[in-house]
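Q: My questions will all concern the structure given below.
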Amino acid sequence: MKTAEAASAKILHTGGAGLREAAAGGPLERAPIALVDETPHRVNFRSRAYIALLVAAALTCEVLLAWRLPTDHWPALLTLTAIAILYERVGVQIYDKTHLSAGVVGLFAIAILTGPSGAVIAAPIVALAAEVFTESRWHTRVFDMANYVLANVAGAAVFYAIAGTGNELSAWWIPAAVAGIGANYAIGPSLVATWVSIEYREPWLPLWREKYSWIFPYYLVFGLLGAALAAAYLALGIPGILAFAAPPFMMRFAFAQYVSKTEQTVMELKQKNAELQTANESILEMTRQLTETYDGTLEALVLALDARDHETRGHSFRVAQYVMTTARHLNVEENSQEWIDMQRGALLHDVGKIGVPDYILHKPGPLTQEEWNDMKRHPHIGHEMLRDISFLSGAAEIVHCHHERFDGKGYPRGLAGDEVPLGARVFAVADAFDAMTSDRPYRKALLPEMARDEIVRHSGTQFDPEVVQAFLLVYDQLARKAAAERKEEHARAA
């Protein structure tokens, strides 16, 4: 996208429909005509080729059609051309972005009364006159003239194909006028959108929908006014044209007053919207920083817990990695709330051991029944610690259930099957794999394939079979991680 300093403003006409836009900096960055940049704007080769193709088509229409205009049509042609130019010159600037005029009223009246031969003469004159004393570039003027010719000739041809003639009123005038102005609309804005799409490599359809689809009602109203203007000429001659030309002028001034009254409101709304967008961006940045702070705090807490229990140093981080790797194959959406709860629950699963005495955690021999009962309280203690913290409430459920079994023989509540949260079921497999593949004071680590076989053996009893299947899909990846971790631990011990 070119910046306002590097690209000149361009004035885009839509085939005599009376819509012009001046944009400094690209098709999606509109600016008022008063901000026309003096920097030369060099269109690319594809744009030059496109403009040349349109000019060739317009010149072909001129050569084939202009000489066919009957001499008795010249008075109406000249009068309506002058009115069309005037309509173009007194358009209304809408919200400092778009120039809306009624030039199509005069041009469509010409198309009805004189057919394609009159339209092909008047269109380039109106297009050129509309840009006199403006700072539009030569390629814009040439494009506009060709666009006006093609759009208005198409509208005239469609009208004559349906109504048969424009020299006498008939019941076919209304449908013919609607179809004719529809053809004008189909050609004019489409050619403009194509040029902008080629020049700035913007997708054509979204561009057309955003900038040109909304103007069809104006085309329709102005087209019917053009038909009424042509009917006035047939009934009263040139005085009828002059009399009927007044209502569009009155509409113009009424519309200008309406725009003047609403423009300030629109500008204020845009300013408020910009302020809201800035505030939203600030909130998102604060949320990101707060999330990083949360995660850093959790990691610090986990490190403190690991430092207290030397036998399981690094266990929480490894298990969290295994849980998230497995969760991907259970269609858990990354960065969803469920994903985040699983990650935090796995990290904090043993936070309840804060409430377990050190002599029990560090006892080298078997625990007594009383000591074991104290140890089994840590899931409940962890849940009580976390459940009232809003961003950890989901993780608290996983902490509470991380020693439950699929067959209901776990603790502290004896939940079974889907009663156990998915995060806790995934954790159970990841925790068992890490425990079996890590060294303990009372035994050496098992080989990863032995740990895998043990997990498969307890599928459907201790472990959820669906989770076990997901684990097997990522087993090779987890085995490599486990081997790398064990190698680092041995290196640190040495």
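All residue names refer to the structure tokens as shown: chains lettered A, B, ... in order, residues numbered from 1 in each chain, ligands numbered from 1 in order.
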Identify, with DSSP run on backbone atoms, the residues in range 433-464 of chain A assigned to alpha helix (DSSP H), and express the list as a ChimeraX atom specification.
A: /A:433-436,448-457
Q: Would you kindly return, as a PyMOL selection string, each protein, DNA or RNA residue with an atom no farther than 8 Å from any atom of range 109-120 of chain A, considering only C-alpha atoms and excluding same-chain residues fewer than 2 positions away?
A: chain A and resi 61-62+65-69+73+76-77+80-81+105-107+122-124+149-150+152-157+159-160+165-167+226-230
Q: Rank A:Arg201, A:His383, A:Arg318, A:Arg209 by their smallest atom-to-atom distance to Asn44 in chain A, using only C-alpha atoms, and report the top residue only.
A: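 When distances to Asn44 in chain A are compared using only C-alpha atoms, the smallest one comes from A:Arg201.
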Q: Within 9 Å of Arg141 in chain A, counting only C-alpha atoms, which residues show up once you throw out same-chain ones fewer than 2 positions away? Write them as a ChimeraX atom specification, please.
A: /A:11,127-128,131,136-139,143-146
Q: Can you measure CA of Ile85 in chain A to CA of Gly180 in chain A for me? One decimal in Å is fine.
A: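 Interatomic distance here is 20.6 Å.
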Q: What are the nearest atom pairs, with distances in Å to one decimal, for all residues of range 397-456 of chain A that come at most 10 Å from range 484-488 of chain A, using only C-alpha atoms, set out by chain and rising residue number as CSV?
A:
```
residue,atom,partner,partner_atom,distance
A:Thr437,CA,A:Arg486,CA,8.1
A:Ser438,CA,A:Arg486,CA,6.9
A:Asp439,CA,A:Arg486,CA,8.0
A:Ala445,CA,A:Arg486,CA,8.6
```
Q: Let me make sure I understand: among A:Leu191, A:Ile215, A:Leu347, A:Leu225, which one has the smallest atom-to-atom distance to Leu53 in chain A if we use only C-alpha atoms?
A: A:Leu191
Q: List as a list of chain:residue names the protein and nucleic acid residues near range 319-323 of chain A, meaning an atom at most 7 Å away when only C-alpha atoms are counted, but skip any in the same chain fewer than 2 places from it.
A: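 The residues satisfying every condition are A:His315, A:Ser316, A:Phe317, A:Thr325, A:Thr326, A:Ala327, A:Gln343, A:Ala346, A:Leu347, A:Val426, A:Phe427, A:Ala430, A:Asp431, A:Asp434, A:Leu478.
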Q: If we count only C-alpha atoms, what is near Val429 in chain A at a cut-off of 8 Å, once residues fewer than 2 positions away on the same chain are taken out, given as a list in words?
A: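 In the requested format, the answer is Arg425, Val426, Phe427, Asp431, Ala432, Phe433, Ile455, Phe463, Val467, Val468 and Phe471 of chain A.
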Q: Within 10 Å of Pro357 in chain A, counting only C-alpha atoms, which residues qualify if same-chain residues fewer than 4 places away don't, as a tab-separated table (two decimals) with N, CA and C atoms, in the first residue's frame?
A:
```tsv
chain	number	residue	atom	x	y	z
A	353	LYS	N	0.60	-30.30	48.05
A	353	LYS	CA	1.61	-30.90	48.93
A	353	LYS	C	2.21	-29.88	49.89
A	361	LEU	N	6.87	-36.24	53.07
A	361	LEU	CA	7.36	-36.11	51.69
A	361	LEU	C	8.74	-36.73	51.54
A	362	HIS	N	9.59	-36.58	52.56
A	362	HIS	CA	10.99	-37.00	52.43
A	362	HIS	C	11.27	-38.33	53.13
A	371	GLU	N	0.07	-41.87	57.63
A	371	GLU	CA	0.84	-40.97	56.76
A	371	GLU	C	0.30	-40.98	55.34
A	374	ASP	N	-2.69	-38.80	55.11
A	374	ASP	CA	-2.29	-37.39	55.02
A	374	ASP	C	-1.83	-37.05	53.61
A	375	MET	N	-1.05	-37.93	52.99
A	375	MET	CA	-0.56	-37.70	51.63
A	375	MET	C	-1.73	-37.60	50.65
```
Q: So how many Å separate CA of Leu472 in chain A and CA of Ala396 in chain A, to one decimal?
A: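 According to the coordinates, CA of Leu472 in chain A and CA of Ala396 in chain A are separated by 27.1 Å.
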Q: Rank nothing, just name the residue among A:Trp172, A:Phe45, A:Tyr185, A:Tyr148 nearest to Ala57 in chain A, using only C-alpha atoms.
A: A:Tyr148
Q: Which value, in Å to one decimal, gives the distance between CA of Pro203 in chain A and CA of Ser190 in chain A?
A: 12.7 Å
Q: Let me make sure I understand: among A:Leu386, A:Ala428, A:Val158, A:Val126, which one has the smallest atom-to-atom distance to Ala82 in chain A if we use only C-alpha atoms?
A: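 Among the listed residues, A:Val126 lies closest to Ala82 in chain A.
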